[in-house]
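S.K.: Below is the file model-v1.csv, which contains CSV, C-alpha atoms and all ligand atoms.
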chain,number,residue,atom,x,y,z
V,1,MET,CA,0.0,0.0,0.0
V,2,PRO,CA,1.3,3.5,-0.8
V,3,PRO,CA,1.2,6.1,2.0
V,4,THR,CA,-2.3,7.7,2.1
V,5,LYS,CA,-0.8,11.1,2.9
V,6,SER,CA,0.9,13.3,0.3
V,7,LEU,CA,4.2,15.0,1.0
V,8,PRO,CA,6.0,17.6,-1.1
V,9,CYS,CA,8.4,16.0,-3.6
V,10,PHE,CA,11.9,17.4,-4.1
V,11,ASP,CA,11.5,16.7,-7.8
V,12,ALA,CA,8.1,18.3,-8.3
V,13,GLY,CA,8.2,21.0,-11.0
V,14,SER,CA,11.7,19.9,-12.1
V,15,ASP,CA,12.8,18.4,-15.4
V,16,TYR,CA,12.4,15.0,-13.7
V,17,CYS,CA,8.7,15.2,-12.9
V,18,PRO,CA,6.5,13.3,-13.5
V,19,CYS,CA,8.8,10.3,-12.8
V,20,VAL,CA,8.2,6.6,-13.0
V,21,LEU,CA,6.4,6.6,-9.7
V,22,ALA,CA,3.5,8.4,-11.4
V,23,GLU,CA,3.3,5.6,-14.0
V,24,LEU,CA,3.2,3.1,-11.2
V,25,GLY,CA,0.5,4.9,-9.3
V,26,ARG,CA,2.9,5.6,-6.4
V,27,CYS,CA,3.6,9.4,-6.8
V,28,ILE,CA,4.5,10.6,-3.3
V,29,ALA,CA,3.1,14.1,-4.0
V,30,CYS,CA,-0.1,13.5,-5.9
V,31,SER,CA,-3.0,11.7,-4.3
V,32,MET,CA,-4.9,11.6,-7.7
V,33,LEU,CA,-2.0,9.7,-9.2
V,34,ARG,CA,-2.2,7.3,-6.3
V,35,GLY,CA,-5.8,6.5,-7.3
V,36,ASN,CA,-7.7,8.9,-5.0
V,37,ASP,CA,-10.6,10.9,-6.2
V,38,THR,CA,-9.5,14.2,-4.5
V,39,CYS,CA,-6.3,16.1,-4.5
V,40,ASP,CA,-4.5,16.7,-1.1
V,41,CYS,CA,-1.1,17.9,-2.3
V,42,GLY,CA,-1.3,21.5,-1.2
V,43,TRP,CA,1.4,22.3,-3.8
V,44,SER,CA,1.0,25.6,-5.5
V,45,GLY,CA,3.5,24.9,-8.2
V,46,LEU,CA,3.1,23.0,-11.5
V,47,CYS,CA,0.3,20.4,-11.1
V,48,VAL,CA,1.9,16.9,-11.3
V,49,TYR,CA,-1.3,15.3,-12.3
V,50,ASP,CA,-1.8,17.7,-15.2
V,51,GLU,CA,1.8,17.3,-16.3
V,52,PHE,CA,1.4,13.6,-16.4
V,53,LEU,CA,-1.8,13.7,-18.4
V,54,SER,CA,-0.4,16.2,-20.9
V,55,ALA,CA,2.7,14.0,-21.3
V,56,GLY,CA,0.5,11.2,-22.5
V,57,LYS,CA,0.8,9.4,-19.1
V,58,GLN,CA,4.5,9.0,-19.7
V,59,ALA,CA,7.3,9.6,-17.1
V,60,LYS,CA,10.1,12.0,-18.0
V,61,PRO,CA,13.4,10.2,-18.9
V,62,GLY,CA,15.1,10.7,-15.5
V,63,ARG,CA,18.6,11.9,-14.6
V,64,GLU,CA,21.6,12.2,-16.9
V,65,GLN,CA,24.4,9.8,-16.3
V,66,ILE,CA,27.8,11.0,-17.5
V,67,THR,CA,31.4,9.8,-17.2
V,68,ALA,CA,33.4,12.5,-15.5
V,69,GLN,CA,37.1,13.1,-15.6
V,70,VAL,CA,38.6,13.7,-12.2
V,71,THR,CA,40.5,16.9,-12.3
V,72,ALA,CA,41.9,17.0,-8.7
V,73,LEU,CA,42.2,14.5,-6.0
V,74,THR,CA,43.5,15.5,-2.5
V,75,LEU,CA,44.0,13.2,0.4
V,76,LEU,CA,42.5,14.6,3.6
V,77,GLU,CA,45.0,14.5,6.4
V,78,ARG,CA,43.3,12.5,9.0
V,79,PRO,CA,44.9,11.9,12.4
V,80,ARG,CA,44.3,8.2,12.0
V,81,ASP,CA,45.0,6.0,9.0
V,82,ASP,CA,42.3,3.3,9.5
V,83,TYR,CA,40.7,4.5,6.3
V,84,LYS,CA,41.2,7.2,3.7
V,85,ALA,CA,39.1,10.3,2.8
V,86,TYR,CA,39.6,12.5,-0.2
V,87,LEU,CA,38.5,15.8,-1.7
V,88,VAL,CA,37.6,15.2,-5.3
V,89,GLU,CA,37.0,17.7,-8.2
V,90,MET,CA,35.5,16.5,-11.4
V,91,ALA,CA,34.4,18.0,-14.7
V,92,VAL,CA,30.6,17.7,-15.3
V,93,PRO,CA,28.3,19.5,-17.8
V,94,SER,CA,27.6,23.0,-16.8
V,95,ASN,CA,23.8,22.4,-16.6
V,96,MET,CA,24.4,19.6,-14.1
V,97,ALA,CA,26.8,21.7,-12.1
V,98,ALA,CA,24.4,24.6,-12.0
V,99,TRP,CA,21.6,22.5,-10.5
V,100,CYS,CA,24.0,21.3,-7.8
V,101,THR,CA,24.1,24.7,-6.1
V,102,LEU,CA,20.8,24.1,-4.2
V,103,PRO,CA,21.3,23.2,-0.5
V,104,GLY,CA,21.1,19.4,0.0
V,105,SER,CA,22.4,18.7,-3.6
V,106,PHE,CA,24.1,15.4,-4.1
V,107,VAL,CA,25.1,13.1,-6.9
V,108,LEU,CA,25.5,9.3,-7.3
V,109,LEU,CA,29.0,8.2,-8.1
V,110,ARG,CA,30.3,4.8,-9.2
V,111,PRO,CA,33.3,3.4,-11.0
V,112,GLU,CA,33.1,3.4,-14.7
V,113,ALA,CA,32.9,-0.3,-15.2
V,114,ALA,CA,30.6,-1.0,-12.2
V,115,ARG,CA,26.9,-1.8,-12.1
V,116,GLU,CA,24.4,0.6,-10.6
V,117,MET,CA,24.4,-1.3,-7.3
V,118,PHE,CA,27.8,0.5,-6.7
V,119,ASN,CA,26.2,4.0,-6.8
V,120,VAL,CA,27.2,6.0,-3.8
V,121,PRO,CA,25.3,9.2,-2.8
V,122,ILE,CA,27.8,12.0,-2.2
V,123,SER,CA,27.0,15.6,-1.3
V,124,VAL,CA,28.1,18.4,-3.6
V,125,MET,CA,30.3,20.8,-1.6
V,126,GLU,CA,31.1,23.4,-4.2
V,127,VAL,CA,30.3,24.1,-7.9
V,128,SER,CA,32.5,25.8,-10.4
V,129,GLU,CA,31.7,26.4,-14.1
V,130,GLY,CA,31.8,22.9,-15.5
V,131,GLY,CA,32.8,21.2,-12.3
V,132,ILE,CA,31.8,20.0,-8.9
V,133,LYS,CA,33.8,19.3,-5.7
V,134,VAL,CA,33.0,16.5,-3.3
V,135,ALA,CA,34.5,14.8,-0.2
V,136,VAL,CA,34.4,11.0,0.1
V,137,GLU,CA,35.1,8.8,3.1
V,138,CYS,CA,36.2,5.3,1.9
V,139,ARG,CA,35.1,2.7,4.5
V,140,GLY,CA,32.6,0.2,3.0
V,141,PRO,CA,32.5,-1.8,-0.2
V,142,LYS,CA,31.0,0.9,-2.5
V,143,THR,CA,33.3,3.7,-1.4
V,144,THR,CA,36.3,1.3,-1.5
V,145,ALA,CA,35.4,0.5,-5.2
V,146,LEU,CA,35.0,4.3,-5.8
V,147,GLU,CA,38.4,5.0,-4.2
V,148,ARG,CA,40.1,2.5,-6.6
V,149,ALA,CA,38.4,4.1,-9.6
V,150,LEU,CA,39.4,7.6,-8.4
V,151,LEU,CA,43.1,6.5,-7.9
V,152,GLN,CA,43.5,4.2,-10.9
V,153,HIS,CA,41.3,5.5,-13.6
V,154,LYS,CA,40.6,9.1,-12.7
V,155,LYS,CA,37.1,8.7,-14.0
V,156,VAL,CA,33.7,8.1,-12.4
V,157,VAL,CA,30.1,7.8,-13.6
V,158,VAL,CA,28.0,10.7,-12.2
V,159,THR,CA,24.2,10.6,-12.0
V,160,GLY,CA,22.4,13.7,-10.8
V,161,PRO,CA,21.5,16.2,-9.6
V,162,PHE,CA,19.4,15.1,-6.6
V,163,TRP,CA,18.2,17.5,-3.9
V,164,SER,CA,16.9,15.6,-0.9
V,165,GLY,CA,20.2,15.8,1.1
V,166,LEU,CA,18.7,18.5,3.3
V,167,GLN,CA,15.5,17.4,5.0
V,168,GLY,CA,12.8,18.6,7.2
V,169,PRO,CA,9.9,21.0,7.1
V,170,VAL,CA,12.0,24.0,6.3
V,171,HIS,CA,12.0,25.1,2.6
V,172,PRO,CA,15.4,26.2,1.4
V,173,SER,CA,14.1,29.5,0.2
V,174,THR,CA,13.2,30.5,3.7
V,175,LEU,CA,16.6,29.8,5.1
V,176,ALA,CA,18.0,33.2,4.1
V,177,GLN,CA,15.3,35.0,6.0
V,178,GLY,CA,16.8,34.7,9.4
V,179,ASN,CA,19.9,33.6,11.3
V,180,THR,CA,20.7,29.9,10.9
V,181,LEU,CA,22.8,27.8,13.3
V,182,VAL,CA,24.5,24.7,11.7
V,183,VAL,CA,25.9,21.9,13.9
V,184,ALA,CA,28.1,19.8,11.7
V,185,LYS,CA,30.2,16.8,12.6
V,186,GLY,CA,32.4,14.3,10.7
V,187,MET,CA,31.8,13.6,7.0
V,188,ALA,CA,28.4,15.3,7.1
V,189,GLN,CA,30.3,18.6,7.0
V,190,ALA,CA,30.4,18.0,3.2
V,191,ALA,CA,26.8,19.1,3.0
V,192,VAL,CA,27.4,22.4,4.7
V,193,PRO,CA,29.2,24.5,2.0
V,194,SER,CA,26.2,24.2,-0.4
V,195,ILE,CA,23.9,25.3,2.4
V,196,ALA,CA,26.2,28.1,3.4
V,197,GLY,CA,26.7,29.3,-0.2
V,198,TYR,CA,23.0,29.4,-0.8
V,199,ILE,CA,22.2,31.3,2.3
V,200,ARG,CA,25.1,33.8,1.9
V,201,CYS,CA,24.4,34.6,-1.7
V,202,ARG,CA,20.8,35.5,-0.7
V,203,GLY,CA,22.0,37.8,2.0
V,204,GLY,CA,21.3,35.5,4.9
V,205,ASN,CA,23.5,34.7,7.9
V,206,LEU,CA,24.7,31.5,9.4
V,207,LYS,CA,27.0,30.3,12.1
V,208,VAL,CA,28.6,26.8,12.0
V,209,LEU,CA,29.6,24.8,15.0
V,210,ALA,CA,31.9,22.1,13.5
V,211,GLY,CA,33.3,19.0,15.1
V,212,PRO,CA,35.8,16.4,13.7
V,213,GLY,CA,33.6,13.4,14.5
V,214,THR,CA,35.0,9.9,13.7
V,215,LEU,CA,36.6,11.4,10.6
V,216,GLY,CA,39.0,13.3,12.9
V,217,LEU,CA,39.1,16.6,11.2
V,218,VAL,CA,37.2,19.8,10.2
V,219,PHE,CA,37.8,20.2,6.5
V,220,ILE,CA,35.3,23.0,5.5
V,221,GLY,CA,37.0,25.9,7.3
V,222,ASP,CA,38.6,27.4,4.2
V,223,ILE,CA,35.4,27.4,2.2
V,224,LEU,CA,33.5,28.9,5.2
V,225,THR,CA,36.1,31.6,5.5
V,226,ARG,CA,35.8,32.3,1.8
V,227,LEU,CA,32.0,32.6,2.1
V,228,ASN,CA,32.4,34.9,5.1
V,229,VAL,CA,30.7,32.5,7.4
V,230,GLU,CA,31.4,32.6,11.2
V,231,TYR,CA,32.5,29.1,12.4
V,232,GLU,CA,33.8,27.6,15.6
V,233,ILE,CA,35.6,24.2,15.9
V,234,MET,CA,34.0,22.3,18.8
V,235,PRO,CA,36.4,20.2,20.9
V,236,ARG,CA,35.7,16.6,21.8
V,237,ALA,CA,33.4,16.9,24.9
V,238,ASP,CA,31.7,14.4,27.2
V,239,ASP,CA,28.4,16.1,26.7
V,240,ARG,CA,28.9,16.0,22.9
V,241,ASN,CA,28.9,19.8,23.1
V,242,LEU,CA,25.2,19.9,23.8
V,243,GLY,CA,25.9,22.5,26.6
V,244,ARG,CA,27.7,24.8,24.1
V,245,ILE,CA,25.0,24.3,21.5
V,246,SER,CA,22.2,24.9,24.1
V,247,ASP,CA,24.0,28.2,25.1
V,248,GLU,CA,24.1,29.3,21.4
V,249,ILE,CA,20.4,28.5,20.9
V,250,SER,CA,19.4,30.2,24.1
V,251,THR,CA,20.7,33.5,22.8
V,252,GLY,CA,17.4,33.6,20.8
V,253,ARG,CA,19.3,34.7,17.7
V,254,TYR,CA,18.4,31.7,15.5
V,255,ARG,CA,15.4,31.1,13.4
V,256,PHE,CA,16.7,27.8,12.0
V,257,LEU,CA,18.8,25.0,13.3
V,258,ILE,CA,20.4,22.5,10.9
V,259,SER,CA,21.9,19.3,12.1
V,260,ALA,CA,24.6,17.9,9.7
V,261,GLY,CA,25.6,14.6,11.4
V,262,SER,CA,24.4,11.2,12.3
V,263,LYS,CA,20.9,10.2,13.3
V,264,SER,CA,21.9,10.2,17.0
V,265,GLN,CA,23.0,13.9,16.5
V,266,HIS,CA,19.7,14.7,15.0
V,267,GLN,CA,17.9,13.1,17.9
V,268,ALA,CA,20.1,14.8,20.5
V,269,LEU,CA,19.4,18.2,18.9
V,270,LEU,CA,15.6,17.5,18.7
V,271,ASN,CA,15.6,16.6,22.4
V,272,LEU,CA,17.6,19.8,23.2
V,273,LEU,CA,15.0,21.8,21.4
V,274,ASP,CA,12.3,20.2,23.5
V,275,THR,CA,14.2,21.1,26.6
V,276,VAL,CA,14.7,24.7,25.4
V,277,SER,CA,11.0,24.9,24.5
V,278,ALA,CA,9.9,23.5,27.9
V,279,ALA,CA,11.9,26.3,29.5
V,280,GLY,CA,9.6,28.8,27.8
V,281,MET,CA,12.1,29.9,25.2
V,282,GLN,CA,11.4,30.2,21.5
V,283,VAL,CA,13.0,27.4,19.5
V,284,PRO,CA,14.4,27.6,16.0
V,285,ARG,CA,12.8,25.5,13.2
V,286,PHE,CA,14.7,22.2,12.6
V,287,ALA,CA,16.2,20.8,9.4
V,288,TRP,CA,18.6,17.9,9.0
V,289,VAL,CA,21.2,16.7,6.6
V,290,SER,CA,19.9,13.3,5.4
V,291,HIS,CA,21.5,10.3,7.2
V,292,LEU,CA,19.3,7.8,5.4
V,293,THR,CA,20.6,4.9,3.4
V,294,MET,CA,20.1,5.6,-0.3
V,295,ALA,CA,20.7,3.4,-3.3
V,296,CYS,CA,18.7,4.5,-6.3
V,297,ALA,CA,17.6,8.0,-5.1
V,298,GLU,CA,14.7,7.8,-7.5
V,299,GLY,CA,12.0,6.4,-5.2
V,300,ILE,CA,12.3,2.8,-6.4
V,301,CYS,CA,14.5,0.6,-4.2
V,302,GLY,CA,13.0,1.6,-0.8
V,303,SER,CA,16.3,1.7,1.1
V,304,CYS,CA,15.5,5.3,2.3
V,305,LEU,CA,12.1,4.6,3.8
V,306,LEU,CA,11.2,6.5,7.0
V,307,ALA,CA,7.8,6.2,8.4
V,308,GLY,CA,6.7,4.6,5.1
V,309,PHE,CA,7.8,7.6,3.1
V,310,ARG,CA,10.7,7.6,0.6
V,311,GLY,CA,13.3,10.0,1.9
V,312,CYS,CA,15.1,10.4,-1.4
V,313,LYS,CA,11.9,12.0,-2.9
V,314,ALA,CA,9.7,13.3,-0.1
V,315,ARG,CA,10.3,16.5,2.0
V,316,PHE,CA,9.5,15.3,5.5
V,317,ASP,CA,7.2,17.3,7.8
V,318,GLU,CA,7.1,17.3,11.6
V,319,SER,CA,4.9,14.2,11.7
V,320,VAL,CA,7.6,12.2,10.0
V,321,GLN,CA,10.4,13.9,11.9
V,322,VAL,CA,9.0,12.3,15.1
V,323,HIS,CA,10.0,9.0,13.7
V,324,LEU,CA,13.7,10.0,13.9
V,325,LEU,CA,13.3,9.5,17.6
V,326,GLY,CA,11.8,6.0,17.2
B,401,LIG,C1,22.3,12.3,0.7
B,401,LIG,C2,23.6,11.7,1.1
B,401,LIG,C3,24.8,12.4,1.0
B,401,LIG,C4,26.0,11.8,1.4
B,401,LIG,N1,27.1,12.5,1.2
B,401,LIG,C5,28.3,11.9,1.5
B,401,LIG,C6,29.5,12.6,1.3
B,401,LIG,O1,29.5,13.7,0.9
B,401,LIG,N2,30.7,11.9,1.6
B,401,LIG,C7,30.7,10.6,2.0
B,401,LIG,O2,31.8,10.1,2.2
B,401,LIG,N3,29.5,10.0,2.3
B,401,LIG,C8,28.3,10.6,2.0
B,401,LIG,N4,27.2,9.9,2.2
B,401,LIG,C9,27.2,8.6,2.9
B,401,LIG,C10,27.6,7.5,1.8
B,401,LIG,O3,26.7,7.5,0.8
B,401,LIG,C11,27.6,6.2,2.5
B,401,LIG,O4,28.6,6.2,3.5
B,401,LIG,C12,28.0,5.1,1.4
B,401,LIG,O5,26.8,4.8,0.6
B,401,LIG,C13,28.4,3.9,2.1
B,401,LIG,O6,28.6,2.9,1.2
B,401,LIG,P1,29.7,1.8,1.5
B,401,LIG,O7,29.4,0.5,0.7
B,401,LIG,O8,31.1,2.3,1.2
B,401,LIG,O9,29.6,1.5,3.0
B,401,LIG,P2,28.6,0.7,3.9
B,401,LIG,O10,29.2,-0.6,4.2
B,401,LIG,O11,27.3,0.7,3.3
B,401,LIG,O12,28.7,1.6,5.2
B,401,LIG,C14,27.5,2.2,5.7
B,401,LIG,C15,28.0,3.1,6.8
B,401,LIG,O13,28.9,2.4,7.8
B,401,LIG,C16,30.1,3.1,7.9
B,401,LIG,N5,31.1,2.1,7.9
B,401,LIG,C17,31.5,1.3,6.8
B,401,LIG,N6,32.5,0.5,7.2
B,401,LIG,C18,32.8,0.8,8.5
B,401,LIG,C19,33.7,0.3,9.5
B,401,LIG,N7,34.6,-0.6,9.2
B,401,LIG,N8,33.7,0.9,10.7
B,401,LIG,C20,32.8,1.8,11.0
B,401,LIG,N9,31.9,2.3,10.1
B,401,LIG,C21,31.9,1.8,8.9
B,401,LIG,C22,30.2,4.0,6.7
B,401,LIG,O14,31.0,5.1,7.0
B,401,LIG,C23,28.8,4.3,6.3
B,401,LIG,O15,28.4,5.4,7.1
B,401,LIG,C24,26.0,10.5,1.9
B,401,LIG,C25,24.8,9.8,2.0
B,401,LIG,C26,23.6,10.4,1.6
B,401,LIG,C27,22.3,9.6,1.8
B,402,LIG,S1,17.0,5.5,-2.4
B,402,LIG,FE1,15.8,4.1,-3.5
B,402,LIG,S2,13.8,4.5,-2.9
B,402,LIG,FE2,14.9,6.1,-2.0
Let me see whether you can do it: turn the structure in this file into structure tokens.
Ligand SMILES: Cc1cc2nc3c(=O)[nH]c(=O)nc-3n(C[C@H](O)[C@H](O)[C@H](O)COP(=O)(O)OP(=O)(O)OC[C@H]3O[C@@H](n4cnc5c(N)ncnc54)[C@H](O)[C@@H]3O)c2cc1C
Ligand code: FES
M.R.:
Amino acid sequence: MPPTKSLPCFDAGSDYCPCVLAELGRCIACSMLRGNDTCDCGWSGLCVYDEFLSAGKQAKPGREQITAQVTALTLLERPRDDYKAYLVEMAVPSNMAAWCTLPGSFVLLRPEAAREMFNVPISVMEVSEGGIKVAVECRGPKTTALERALLQHKKVVVTGPFWSGLQGPVHPSTLAQGNTLVVAKGMAQAAVPSIAGYIRCRGGNLKVLAGPGTLGLVFIGDILTRLNVEYEIMPRADDRNLGRISDEISTGRYRFLISAGSKSQHQALLNLLDTVSAAGMQVPRFAWVSHLTMACAEGICGSCLLAGFRGCKARFDESVQVHLLG
């Protein structure tokens, strides 16, 4: 059974909508395409149902897959050498690069000769004309295969862009309308530059509290300095710096709080917001960098399911966010 409730889709109104889920009667945004008699989408953009009918009930072709030349590969200097992590720059078509500037943008990367099961979702940190920059931590089978391809062949297959890397009931366009606090730890720092760039270029402000996490280093400092973003490196602390974060939130300066880290970090920050709220203080709205497991990123494989919704497509609201704590 598909979920009965509609949620906004990251792809609605894009070149990739309607997608194959519409053909299958499983569109996450349109109740009519799921076989209901009435529309409950609440979406004021292009009507997915209309688009599907006028396209002759055909899905759009889906994302471009290209083979990209690696133009720069830099080993990140970790304090431990139990696994490697790299900054990678690669050449991609300028249209693909341009659509990777939205906060939460990511691509799927895999070795040239590998099948799609090797696709790894990787956040886009920065975009230049005709190129993207990413950071990859090589720990499991897919990222190890990717590491070999990067080192030996200097080529990777790139599929994208996707936008569901920043989740929660906060629309990106609102992020520049107030001060934002970002708590970033470990590899999830990679999602922060695109968020910071988006907010800064719209005149918004943000502060980043960054911690090394299991990766062992903070690697986004240079980019944040270039973007004129205030940041602070958090030391390792027994309370996981929740006291420091609580002090920052309690200043009342922030309209949004973004958690870039693991599921347990998201949970800890949601609990912290509950405590702050119980103390009678106004709490910022909460968004989180997706920690979900993703394989296809197109709503098919189901590896990203949260509360019955597909996290690679659906923008979660507060009701789904509660399931983070489950
Ligand atoms: C939207 C999105 C954006 C992402 N962006 C990035 C990014 O920018 N950079 C990046 O590196 N990753 C990123 N990830 C995570 C990355 O996609 C996964 O880590 C990757 O798919 C893991 O595949 P794998 O087969 O290499 O590891 P798996 O075996 O599937 O590992 C799963 C998890 O376990 C951890 N792990 C694996 N082996 C070990 C071990 N021996 N000890 C401890 N932990 C271990 C991995 O770090 C990973 O978190 C992102 C994920 C999503 C959904
Ligand atoms: S990653 Fe395949 S359904 Fe979401």
S.K.: Show me the residues around (3.7, 16.0, -16.0) - criterion: an atom at most 12 Å away, all atoms listed in the file counted - as an NGL selection string.
M.R.: :V and (11-23 or 27 or 30 or 33 or 45-61)
S.K.: Could I get the residue neighbourhood of ligand LIG 401 (chain B) at 6 Å, counting all atoms listed in the file, as number ranges by chain?
M.R.: V: 106, 120-123, 135-144, 165, 187, 190, 290-294
S.K.: Which protein, DNA or RNA residues have an atom within 6 Å of ligand LIG 402 (chain B), counting all atoms listed in the file, as a ChimeraX atom specification?
M.R.: /V:294-304,310-312
S.K.: Which residue out of V:Gln189, V:Asn205, V:Ser277, V:Asn228 has the minimum interatomic distance to Leu175 in chain V when all atoms listed in the file are used?
M.R.: V:Asn205
S.K.: Find the distance between CA of Leu215 in chain V and CA of Gly186 in chain V and write it in Å to one decimal.
M.R.: 5.1 Å
S.K.: From the options V:Pro235, V:Pro284, V:Gly160, V:Pro103, which residue's atoms come nearest to Arg200 in chain V, counting only C-alpha atoms?
M.R.: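 Nearest to Arg200 in chain V: V:Pro103.
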S.K.: Looking at all atoms listed in the file, which of V:Ala314, V:Val127, V:Leu102, V:Leu109 is the one that sits closest to Pro169 in chain V?
M.R.: V:Ala314
S.K.: To one decimal in Å, tell me the separation between CA of Gln282 in chain V and CA of Asn179 in chain V.
M.R.: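 Computing the Euclidean distance for CA of Gln282 in chain V and CA of Asn179 in chain V yields 13.7 Å.
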S.K.: Using only C-alpha atoms, which residues sit within 12 Å of range 243-251 of chain V once same-chain residues fewer than 5 positions away are excluded, as an NGL selection string?
M.R.: :V and (179-184 or 207-211 or 232-238 or 256-259 or 265 or 268-277 or 279-286)
S.K.: Would you kindly return, as a ChimeraX atom specification, each protein, DNA or RNA residue with an atom no farther than 10 Å from any atom of Pro93 in chain V, considering all atoms listed in the file and excluding same-chain residues fewer than 6 positions away?
M.R.: /V:64,66,68,129-132
S.K.: So what do you get for CA of Ala196 in chain V versus CA of Ser128 in chain V, distance-wise?
M.R.: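 Distance between the two atoms: 15.3 Å.
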S.K.: I'd like to know which of V:Leu206, V:Asn95, V:Val107, V:Val192 is closest to Gly178 in chain V, using only C-alpha atoms.
M.R.: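 Smallest distance to Gly178 in chain V is found for V:Leu206.
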S.K.: Identify which of the residues V:Thr101, V:Ala149, V:Met117, V:Glu126 lies closest to Thr67 in chain V, counting all atoms listed in the file when measuring atom-to-atom distances.
M.R.: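 The closest residue to Thr67 in chain V is V:Ala149.
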S.K.: Select, from V:Thr214, V:Gln267, V:Thr159, V:Asn241, the residue with the minimum atom-to-atom distance to Asp81 in chain V, counting only C-alpha atoms.
M.R.: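 Closest residue, counting only C-alpha atoms: V:Thr214.
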